[in-house]
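Visitor: My questions will all concern the structure given below.
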Amino acid sequence: MKDTTIKGNGKSSIIRAPSDMPATFEEWRQQLIAGNGYLDVVLNTDTTGANAGCDVVGTPLSKANLLDDTTKAALELDGADPTVNDALYALNQKGSPAEVRVIADIGSTVTMSRGGKTLTGKVASTGYAALYPTELGDWTIVFTYNGSQKTKVYTLEVIGIVYVYPFVVGATLETTSWDNIAAVSKFGQAPNYWKVGDKKNITVNGVTYAAQIIGFDHDTLTTADGGRTKAGITFQLVDCLKTTYSMNGSNTNVNGWRGSTMRTSTMATLLNQLSSDLKSVLKFVNKVTSVGNNSSGLETTSDKLFLLSEIEVFGATRYSYAGEGKQYEYYTAGNSTIKKVNGSAYYWWERSPYSGDTIGFCCVGAGSNGASTSNYSGASYSFGVSFGFCV
């Protein structure tokens, strides 16, 4: 609800006289003295015209806004015209300060326990079980999501309807499992728990590397997930893999990113070398890239692992064609683009074909003092690889 704010210019109200108002002031004066004079005084709701009286028109104090028939029925109130006070009293008598909606597998059972009290509910077709705890505080909730039983402690702090999402978040991103990270992402809650730049370790072929969040709701899902069209979280390796790779076996970009050895072979191999818990939650996302062969035409690939484009790193096109996405939040914030191979700053590949010829791809220079620049090189050179992925 919002309050009415008058302009204070003397025009906040409109006075309307009845049609049978006396013709003379003296007659009207006598009516007023006798208590028989009538006028309508209403709020001037004009906020923009020459005679505007309000800056903001507040929420009407109407039945629909204070206590409508749906709320009346939900609280089982008697009488034709119950008051807000009646509603508050009924809520108190029901002994439940909140309705807790726990999202879980449809048809599964949810329990909610505190002290010696245990509430039980079944998940309906709505996708949640509705439970009615009798007090605020910490409750232990046991539920099933994606066939796996989970337990979380939920602190009930408010009176009203609250949703409990089907994930258990650790103290840090690193201590949160990939299946729970994926659930947080799915429900659009990632920015509420983590920030751009937060890190989590992954393993590639048994070697541990740090990955970091570079954006939220940035990449478009190839297949929408319910009502979501964006992947909730995009990660990228903090540094490069210990092994360097070429974009192609020879100096050519004629088949673009789509047909490059980097995408069709190297990325496929690396995907298979990821741990199963991470691999199982990766999302296919659409990556737009120029087609190569010195052409500005664009094409879209569906990728689980991908290299970033020049504009996704630097926010501008210097050696690539326009249209290959937008800069990730991590780089927009001015963070370093330097990445290391085995501890030393090194060139690392981007997926953008070089716009100036048919033999090269864009890359990021090794740089110094925390800064590096956009660059390009022949496709057969062996440079660092810092791939991205989405969950």
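As shown in the structure tokens, the chain order sets the letters A, B, ...; within each chain, residues go from 1, and ligands are also counted from 1 in the order they appear.
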Might you pull out every residue within 7 Å of Phe314 (chain A), with only C-alpha atoms counted and same-chain residues fewer than 2 positions away left off, and present them as a PyMOL selection string?
Guide: chain A and resi 310-312+316+327+331
Visitor: Could you turn the residues from that selection into a file that holds N, CA and C atoms, as a short mmCIF file (atom, residue, chain, number, x, y, z; two decimals), in the first residue's frame?
Guide:
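As written to disk, selection26.cif reads:
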```cif
data_model
loop_
_atom_site.label_atom_id
_atom_site.label_comp_id
_atom_site.auth_asym_id
_atom_site.auth_seq_id
_atom_site.Cartn_x
_atom_site.Cartn_y
_atom_site.Cartn_z
N GLU A 310 35.51 -12.30 -27.77
CA GLU A 310 36.26 -11.08 -27.45
C GLU A 310 35.40 -10.08 -26.68
N ILE A 311 34.16 -9.87 -27.14
CA ILE A 311 33.31 -8.87 -26.49
C ILE A 311 32.88 -9.34 -25.11
N GLU A 312 32.75 -10.65 -24.90
CA GLU A 312 32.36 -11.15 -23.58
C GLU A 312 33.45 -10.90 -22.54
N ALA A 316 34.05 -4.94 -25.96
CA ALA A 316 34.15 -4.24 -27.25
C ALA A 316 34.76 -5.19 -28.27
N GLN A 327 29.45 -8.43 -22.60
CA GLN A 327 30.48 -8.64 -21.59
C GLN A 327 29.90 -9.25 -20.31
N TYR A 331 33.97 -9.21 -15.82
CA TYR A 331 34.90 -8.34 -16.55
C TYR A 331 34.38 -6.90 -16.62
#
```
Visitor: Identify, on the basis of only C-alpha atoms, every residue whose closest approach to region 170-182 of chain A does not exceed 6 Å; exclude the query and any residue fewer than 2 positions from it along the same chain; express the result as a PyMOL selection string.
Guide: chain A and resi 167+184-185+200+278+391
Visitor: Could the residues in this selection be saved with N, CA and C atoms as a PDB file, in the first residue's frame?
Guide:
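Everything below was put into result.pdb:
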```
ATOM      1  N   PHE A 167      16.818 -26.818  -1.834  1.00  0.00           N
ATOM      2  CA  PHE A 167      18.273 -26.921  -1.865  1.00  0.00           C
ATOM      3  C   PHE A 167      18.825 -26.650  -0.482  1.00  0.00           C
ATOM      4  N   VAL A 184      19.705 -24.067  -6.733  1.00  0.00           N
ATOM      5  CA  VAL A 184      19.691 -22.628  -6.442  1.00  0.00           C
ATOM      6  C   VAL A 184      19.579 -21.840  -7.747  1.00  0.00           C
ATOM      7  N   SER A 185      20.343 -22.262  -8.750  1.00  0.00           N
ATOM      8  CA  SER A 185      20.331 -21.606 -10.055  1.00  0.00           C
ATOM      9  C   SER A 185      18.959 -21.721 -10.717  1.00  0.00           C
ATOM     10  N   LYS A 200      34.712 -22.041  -6.807  1.00  0.00           N
ATOM     11  CA  LYS A 200      34.517 -23.429  -6.423  1.00  0.00           C
ATOM     12  C   LYS A 200      35.463 -24.287  -7.254  1.00  0.00           C
ATOM     13  N   LEU A 278      29.502 -32.687 -11.439  1.00  0.00           N
ATOM     14  CA  LEU A 278      29.430 -31.449 -12.200  1.00  0.00           C
ATOM     15  C   LEU A 278      28.828 -31.700 -13.572  1.00  0.00           C
ATOM     16  N   VAL A 391      25.371 -23.638 -15.131  1.00  0.00           N
ATOM     17  CA  VAL A 391      24.512 -24.552 -14.370  1.00  0.00           C
ATOM     18  C   VAL A 391      23.210 -23.838 -14.055  1.00  0.00           C
TER      19      VAL A 391
END
```
Visitor: Excluding Tyr145 (chain A) and its own-chain neighbours fewer than 4 positions away, which residues fall within 12 Å of it when counting only C-alpha atoms? Please give them as a tab-separated table (two decimals) with N, CA and C atoms, in the first residue's frame.
Guide:
```tsv
chain	number	residue	atom	x	y	z
A	102	VAL	N	6.68	-25.80	0.94
A	102	VAL	CA	7.95	-26.48	0.68
A	102	VAL	C	7.90	-27.08	-0.72
A	103	ILE	N	8.79	-26.61	-1.60
A	103	ILE	CA	8.86	-27.11	-2.97
A	103	ILE	C	9.62	-28.43	-2.98
A	104	ALA	N	9.02	-29.46	-3.54
A	104	ALA	CA	9.63	-30.79	-3.56
A	104	ALA	C	8.96	-31.60	-4.67
A	105	ASP	N	9.35	-32.88	-4.79
A	105	ASP	CA	8.78	-33.75	-5.83
A	105	ASP	C	7.29	-33.95	-5.60
A	106	ILE	N	6.50	-33.81	-6.66
A	106	ILE	CA	5.05	-33.98	-6.56
A	106	ILE	C	4.72	-35.39	-6.05
A	107	GLY	N	3.83	-35.45	-5.06
A	107	GLY	CA	3.43	-36.72	-4.48
A	107	GLY	C	4.27	-37.18	-3.30
A	108	SER	N	5.42	-36.54	-3.09
A	108	SER	CA	6.29	-36.93	-1.98
A	108	SER	C	5.81	-36.31	-0.67
A	109	THR	N	6.32	-36.84	0.43
A	109	THR	CA	5.93	-36.38	1.77
A	109	THR	C	7.00	-35.44	2.33
A	110	VAL	N	6.55	-34.39	2.97
A	110	VAL	CA	7.43	-33.41	3.60
A	110	VAL	C	7.14	-33.37	5.09
A	123	VAL	N	3.13	-33.21	-1.20
A	123	VAL	CA	3.30	-32.23	-2.27
A	123	VAL	C	2.20	-32.42	-3.31
A	127	GLY	N	3.27	-28.32	-6.87
A	127	GLY	CA	4.72	-28.43	-6.72
A	127	GLY	C	5.21	-28.16	-5.32
A	128	TYR	N	4.30	-27.94	-4.39
A	128	TYR	CA	4.73	-27.72	-3.01
A	128	TYR	C	3.73	-28.34	-2.02
A	149	GLN	N	16.54	-37.49	-1.10
A	149	GLN	CA	16.06	-36.91	0.16
A	149	GLN	C	17.05	-35.88	0.68
A	150	LYS	N	16.53	-34.75	1.13
A	150	LYS	CA	17.36	-33.67	1.65
A	150	LYS	C	16.81	-33.21	2.99
A	151	THR	N	17.70	-32.68	3.82
A	151	THR	CA	17.32	-32.12	5.11
A	151	THR	C	17.90	-30.71	5.23
A	165	TYR	N	12.75	-23.40	-0.64
A	165	TYR	CA	13.25	-23.97	-1.89
A	165	TYR	C	14.00	-25.27	-1.63
A	166	PRO	N	14.04	-26.15	-2.63
A	166	PRO	CA	14.59	-27.50	-2.43
A	166	PRO	C	16.10	-27.59	-2.60
A	167	PHE	N	16.82	-26.82	-1.83
A	167	PHE	CA	18.27	-26.92	-1.86
A	167	PHE	C	18.83	-26.65	-0.48
A	168	VAL	N	20.03	-27.15	-0.27
A	168	VAL	CA	20.74	-26.94	0.99
A	168	VAL	C	22.05	-26.25	0.66
A	179	ASP	N	24.78	-30.40	-7.12
A	179	ASP	CA	23.34	-30.58	-7.30
A	179	ASP	C	22.55	-29.48	-6.59
A	180	ASN	N	23.06	-29.04	-5.43
A	180	ASN	CA	22.39	-27.95	-4.74
A	180	ASN	C	22.63	-26.61	-5.43
A	183	ALA	N	20.20	-26.42	-8.19
A	183	ALA	CA	18.84	-26.12	-7.73
A	183	ALA	C	18.70	-24.63	-7.38
```
Visitor: Work out how far CA of Thr71 (chain A) is from CA of Lys117 (chain A), in Å to one decimal.
Guide: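 About the pair CA of Lys117 (chain A) and CA of Thr71 (chain A): they are 27.5 Å apart.
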Visitor: Measuring between only C-alpha atoms, which one of A:Ser352, A:Ala333, A:Ser276, A:Thr317 shows the shortest distance to Thr289 (chain A)?
Guide: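 Smallest distance to Thr289 (chain A) is found for A:Ser352.
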Visitor: From region 93-164 of chain A, collect each residue whose DSSP state is strand (DSSP E or B) and return the set as a PDB file with N, CA and C atoms, in the first residue's frame.
Guide:
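Listing of states-v2.pdb after writing:
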```pdb
ATOM      1  N   ALA A  98       2.091 -18.658   9.999  1.00  0.00           N
ATOM      2  CA  ALA A  98       2.531 -18.671   8.602  1.00  0.00           C
ATOM      3  C   ALA A  98       2.047 -19.913   7.883  1.00  0.00           C
ATOM      4  N   GLU A  99       2.027 -19.798   6.562  1.00  0.00           N
ATOM      5  CA  GLU A  99       1.853 -20.970   5.702  1.00  0.00           C
ATOM      6  C   GLU A  99       3.184 -21.195   5.015  1.00  0.00           C
ATOM      7  N   VAL A 100       3.799 -22.329   5.276  1.00  0.00           N
ATOM      8  CA  VAL A 100       5.104 -22.646   4.718  1.00  0.00           C
ATOM      9  C   VAL A 100       4.898 -23.591   3.536  1.00  0.00           C
ATOM     10  N   ARG A 101       5.317 -23.134   2.356  1.00  0.00           N
ATOM     11  CA  ARG A 101       5.169 -23.930   1.141  1.00  0.00           C
ATOM     12  C   ARG A 101       6.534 -24.505   0.767  1.00  0.00           C
ATOM     13  N   VAL A 102       6.679 -25.800   0.939  1.00  0.00           N
ATOM     14  CA  VAL A 102       7.950 -26.478   0.684  1.00  0.00           C
ATOM     15  C   VAL A 102       7.905 -27.084  -0.717  1.00  0.00           C
ATOM     16  N   ILE A 103       8.793 -26.612  -1.595  1.00  0.00           N
ATOM     17  CA  ILE A 103       8.856 -27.113  -2.966  1.00  0.00           C
ATOM     18  C   ILE A 103       9.620 -28.430  -2.982  1.00  0.00           C
ATOM     19  N   THR A 109       6.320 -36.839   0.434  1.00  0.00           N
ATOM     20  CA  THR A 109       5.934 -36.381   1.767  1.00  0.00           C
ATOM     21  C   THR A 109       6.998 -35.445   2.328  1.00  0.00           C
ATOM     22  N   VAL A 110       6.551 -34.389   2.968  1.00  0.00           N
ATOM     23  CA  VAL A 110       7.430 -33.414   3.597  1.00  0.00           C
ATOM     24  C   VAL A 110       7.142 -33.370   5.092  1.00  0.00           C
ATOM     25  N   THR A 111       8.199 -33.361   5.919  1.00  0.00           N
ATOM     26  CA  THR A 111       8.008 -33.193   7.357  1.00  0.00           C
ATOM     27  C   THR A 111       8.723 -31.932   7.818  1.00  0.00           C
ATOM     28  N   MET A 112       8.160 -31.322   8.842  1.00  0.00           N
ATOM     29  CA  MET A 112       8.696 -30.079   9.386  1.00  0.00           C
ATOM     30  C   MET A 112       8.655 -30.205  10.910  1.00  0.00           C
ATOM     31  N   SER A 113       9.833 -30.216  11.551  1.00  0.00           N
ATOM     32  CA  SER A 113       9.903 -30.539  12.977  1.00  0.00           C
ATOM     33  C   SER A 113      10.602 -29.432  13.769  1.00  0.00           C
ATOM     34  N   ARG A 114      10.100 -29.256  15.009  1.00  0.00           N
ATOM     35  CA  ARG A 114      10.717 -28.321  15.952  1.00  0.00           C
ATOM     36  C   ARG A 114      10.390 -28.804  17.357  1.00  0.00           C
ATOM     37  N   LYS A 117       7.405 -31.234  18.135  1.00  0.00           N
ATOM     38  CA  LYS A 117       6.322 -31.106  17.165  1.00  0.00           C
ATOM     39  C   LYS A 117       6.794 -31.519  15.775  1.00  0.00           C
ATOM     40  N   THR A 118       5.974 -32.259  15.075  1.00  0.00           N
ATOM     41  CA  THR A 118       6.264 -32.640  13.698  1.00  0.00           C
ATOM     42  C   THR A 118       5.020 -32.436  12.847  1.00  0.00           C
ATOM     43  N   LEU A 119       5.156 -31.676  11.797  1.00  0.00           N
ATOM     44  CA  LEU A 119       4.079 -31.463  10.838  1.00  0.00           C
ATOM     45  C   LEU A 119       4.384 -32.272   9.588  1.00  0.00           C
ATOM     46  N   THR A 120       3.342 -32.788   8.946  1.00  0.00           N
ATOM     47  CA  THR A 120       3.518 -33.609   7.753  1.00  0.00           C
ATOM     48  C   THR A 120       2.578 -33.123   6.659  1.00  0.00           C
ATOM     49  N   GLY A 121       3.097 -33.085   5.432  1.00  0.00           N
ATOM     50  CA  GLY A 121       2.273 -32.698   4.299  1.00  0.00           C
ATOM     51  C   GLY A 121       2.703 -33.416   3.042  1.00  0.00           C
ATOM     52  N   LYS A 122       1.806 -33.494   2.075  1.00  0.00           N
ATOM     53  CA  LYS A 122       2.116 -34.144   0.795  1.00  0.00           C
ATOM     54  C   LYS A 122       2.168 -33.068  -0.284  1.00  0.00           C
ATOM     55  N   TYR A 128       4.298 -27.945  -4.391  1.00  0.00           N
ATOM     56  CA  TYR A 128       4.725 -27.721  -3.013  1.00  0.00           C
ATOM     57  C   TYR A 128       3.731 -28.337  -2.020  1.00  0.00           C
ATOM     58  N   ALA A 129       4.234 -28.589  -0.804  1.00  0.00           N
ATOM     59  CA  ALA A 129       3.394 -29.021   0.305  1.00  0.00           C
ATOM     60  C   ALA A 129       3.186 -27.823   1.219  1.00  0.00           C
ATOM     61  N   ALA A 130       1.939 -27.593   1.655  1.00  0.00           N
ATOM     62  CA  ALA A 130       1.630 -26.473   2.547  1.00  0.00           C
ATOM     63  C   ALA A 130       1.562 -26.980   3.984  1.00  0.00           C
ATOM     64  N   LEU A 131       2.386 -26.380   4.841  1.00  0.00           N
ATOM     65  CA  LEU A 131       2.439 -26.751   6.252  1.00  0.00           C
ATOM     66  C   LEU A 131       2.172 -25.508   7.099  1.00  0.00           C
ATOM     67  N   GLY A 137      10.770 -19.502  14.486  1.00  0.00           N
ATOM     68  CA  GLY A 137      12.025 -20.082  14.939  1.00  0.00           C
ATOM     69  C   GLY A 137      12.570 -21.095  13.951  1.00  0.00           C
ATOM     70  N   ASP A 138      13.541 -21.886  14.382  1.00  0.00           N
ATOM     71  CA  ASP A 138      14.203 -22.872  13.523  1.00  0.00           C
ATOM     72  C   ASP A 138      13.391 -24.158  13.431  1.00  0.00           C
ATOM     73  N   TRP A 139      13.151 -24.595  12.206  1.00  0.00           N
ATOM     74  CA  TRP A 139      12.442 -25.851  11.936  1.00  0.00           C
ATOM     75  C   TRP A 139      13.326 -26.723  11.041  1.00  0.00           C
ATOM     76  N   THR A 140      13.326 -28.015  11.297  1.00  0.00           N
ATOM     77  CA  THR A 140      14.054 -28.967  10.456  1.00  0.00           C
ATOM     78  C   THR A 140      13.086 -29.554   9.436  1.00  0.00           C
ATOM     79  N   ILE A 141      13.397 -29.370   8.163  1.00  0.00           N
ATOM     80  CA  ILE A 141      12.511 -29.818   7.088  1.00  0.00           C
ATOM     81  C   ILE A 141      13.182 -30.951   6.318  1.00  0.00           C
ATOM     82  N   VAL A 142      12.473 -32.035   6.149  1.00  0.00           N
ATOM     83  CA  VAL A 142      12.952 -33.191   5.373  1.00  0.00           C
ATOM     84  C   VAL A 142      12.053 -33.321   4.151  1.00  0.00           C
ATOM     85  N   PHE A 143      12.654 -33.354   2.960  1.00  0.00           N
ATOM     86  CA  PHE A 143      11.881 -33.378   1.725  1.00  0.00           C
ATOM     87  C   PHE A 143      12.641 -34.169   0.665  1.00  0.00           C
ATOM     88  N   THR A 144      11.979 -34.454  -0.443  1.00  0.00           N
ATOM     89  CA  THR A 144      12.593 -35.182  -1.555  1.00  0.00           C
ATOM     90  C   THR A 144      12.533 -34.320  -2.803  1.00  0.00           C
ATOM     91  N   TYR A 145      13.701 -34.156  -3.445  1.00  0.00           N
ATOM     92  CA  TYR A 145      13.753 -33.364  -4.670  1.00  0.00           C
ATOM     93  C   TYR A 145      14.609 -34.098  -5.687  1.00  0.00           C
ATOM     94  N   SER A 148      15.983 -37.413  -4.555  1.00  0.00           N
ATOM     95  CA  SER A 148      16.977 -37.479  -3.482  1.00  0.00           C
ATOM     96  C   SER A 148      16.433 -36.804  -2.229  1.00  0.00           C
ATOM     97  N   GLN A 149      16.541 -37.494  -1.097  1.00  0.00           N
ATOM     98  CA  GLN A 149      16.063 -36.914   0.159  1.00  0.00           C
ATOM     99  C   GLN A 149      17.054 -35.879   0.684  1.00  0.00           C
ATOM    100  N   LYS A 150      16.534 -34.753   1.134  1.00  0.00           N
ATOM    101  CA  LYS A 150      17.362 -33.672   1.652  1.00  0.00           C
ATOM    102  C   LYS A 150      16.807 -33.214   2.995  1.00  0.00           C
ATOM    103  N   THR A 151      17.702 -32.679   3.822  1.00  0.00           N
ATOM    104  CA  THR A 151      17.318 -32.116   5.114  1.00  0.00           C
ATOM    105  C   THR A 151      17.901 -30.714   5.228  1.00  0.00           C
ATOM    106  N   LYS A 152      17.079 -29.751   5.640  1.00  0.00           N
ATOM    107  CA  LYS A 152      17.576 -28.394   5.836  1.00  0.00           C
ATOM    108  C   LYS A 152      16.910 -27.768   7.049  1.00  0.00           C
ATOM    109  N   VAL A 153      17.625 -26.874   7.683  1.00  0.00           N
ATOM    110  CA  VAL A 153      17.075 -26.106   8.793  1.00  0.00           C
ATOM    111  C   VAL A 153      16.601 -24.772   8.247  1.00  0.00           C
ATOM    112  N   TYR A 154      15.324 -24.486   8.463  1.00  0.00           N
ATOM    113  CA  TYR A 154      14.735 -23.244   7.955  1.00  0.00           C
ATOM    114  C   TYR A 154      14.288 -22.390   9.137  1.00  0.00           C
ATOM    115  N   THR A 155      14.693 -21.129   9.139  1.00  0.00           N
ATOM    116  CA  THR A 155      14.301 -20.211  10.200  1.00  0.00           C
ATOM    117  C   THR A 155      13.062 -19.435   9.776  1.00  0.00           C
ATOM    118  N   LEU A 156      11.940 -19.729  10.429  1.00  0.00           N
ATOM    119  CA  LEU A 156      10.686 -19.039  10.147  1.00  0.00           C
ATOM    120  C   LEU A 156      10.663 -17.737  10.944  1.00  0.00           C
ATOM    121  N   GLY A 160       2.852 -14.962   7.455  1.00  0.00           N
ATOM    122  CA  GLY A 160       2.402 -14.895   6.074  1.00  0.00           C
ATOM    123  C   GLY A 160       2.784 -16.151   5.325  1.00  0.00           C
ATOM    124  N   ILE A 161       2.752 -16.079   3.995  1.00  0.00           N
ATOM    125  CA  ILE A 161       3.105 -17.223   3.147  1.00  0.00           C
ATOM    126  C   ILE A 161       4.580 -17.132   2.800  1.00  0.00           C
ATOM    127  N   VAL A 162       5.324 -18.195   3.052  1.00  0.00           N
ATOM    128  CA  VAL A 162       6.748 -18.231   2.709  1.00  0.00           C
ATOM    129  C   VAL A 162       7.025 -19.497   1.906  1.00  0.00           C
ATOM    130  N   TYR A 163       8.028 -19.421   1.044  1.00  0.00           N
ATOM    131  CA  TYR A 163       8.429 -20.566   0.229  1.00  0.00           C
ATOM    132  C   TYR A 163       9.782 -21.087   0.715  1.00  0.00           C
ATOM    133  N   VAL A 164       9.879 -22.400   0.790  1.00  0.00           N
ATOM    134  CA  VAL A 164      11.135 -23.059   1.123  1.00  0.00           C
ATOM    135  C   VAL A 164      11.601 -23.802  -0.130  1.00  0.00           C
TER     136      VAL A 164
END
```
Visitor: What does the distance between CA of Lys304 (chain A) and CA of Thr229 (chain A) come to in Å, to one decimal place?
Guide: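 Separating CA of Lys304 (chain A) from CA of Thr229 (chain A) is a distance of 15.4 Å.
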Visitor: Quick one: everything within 8 Å of Thr222 (chain A), counting only C-alpha atoms, minus sequence neighbours fewer than 5 positions away in the same chain. Send it as a ChimeraX atom specification.
Guide: /A:284-286,302
Visitor: Please, what distance in Å, to one decimal, runs between CA of Gln189 (chain A) and CA of Asn146 (chain A)?
Guide: 17.9 Å
Visitor: Would you list, as a ChimeraX atom specification, the residues of region 31-259 of chain A that end up in helix (DSSP H, G or I) under DSSP run on this structure's backbone?
Guide: /A:31-34,63-66,69-74,84-94,178-186,190-193
Visitor: Counting only C-alpha atoms, what is within 8 Å of Leu274 (chain A), bar same-chain residues fewer than 5 positions away, as a ChimeraX atom specification?
Guide: /A:202-205,279
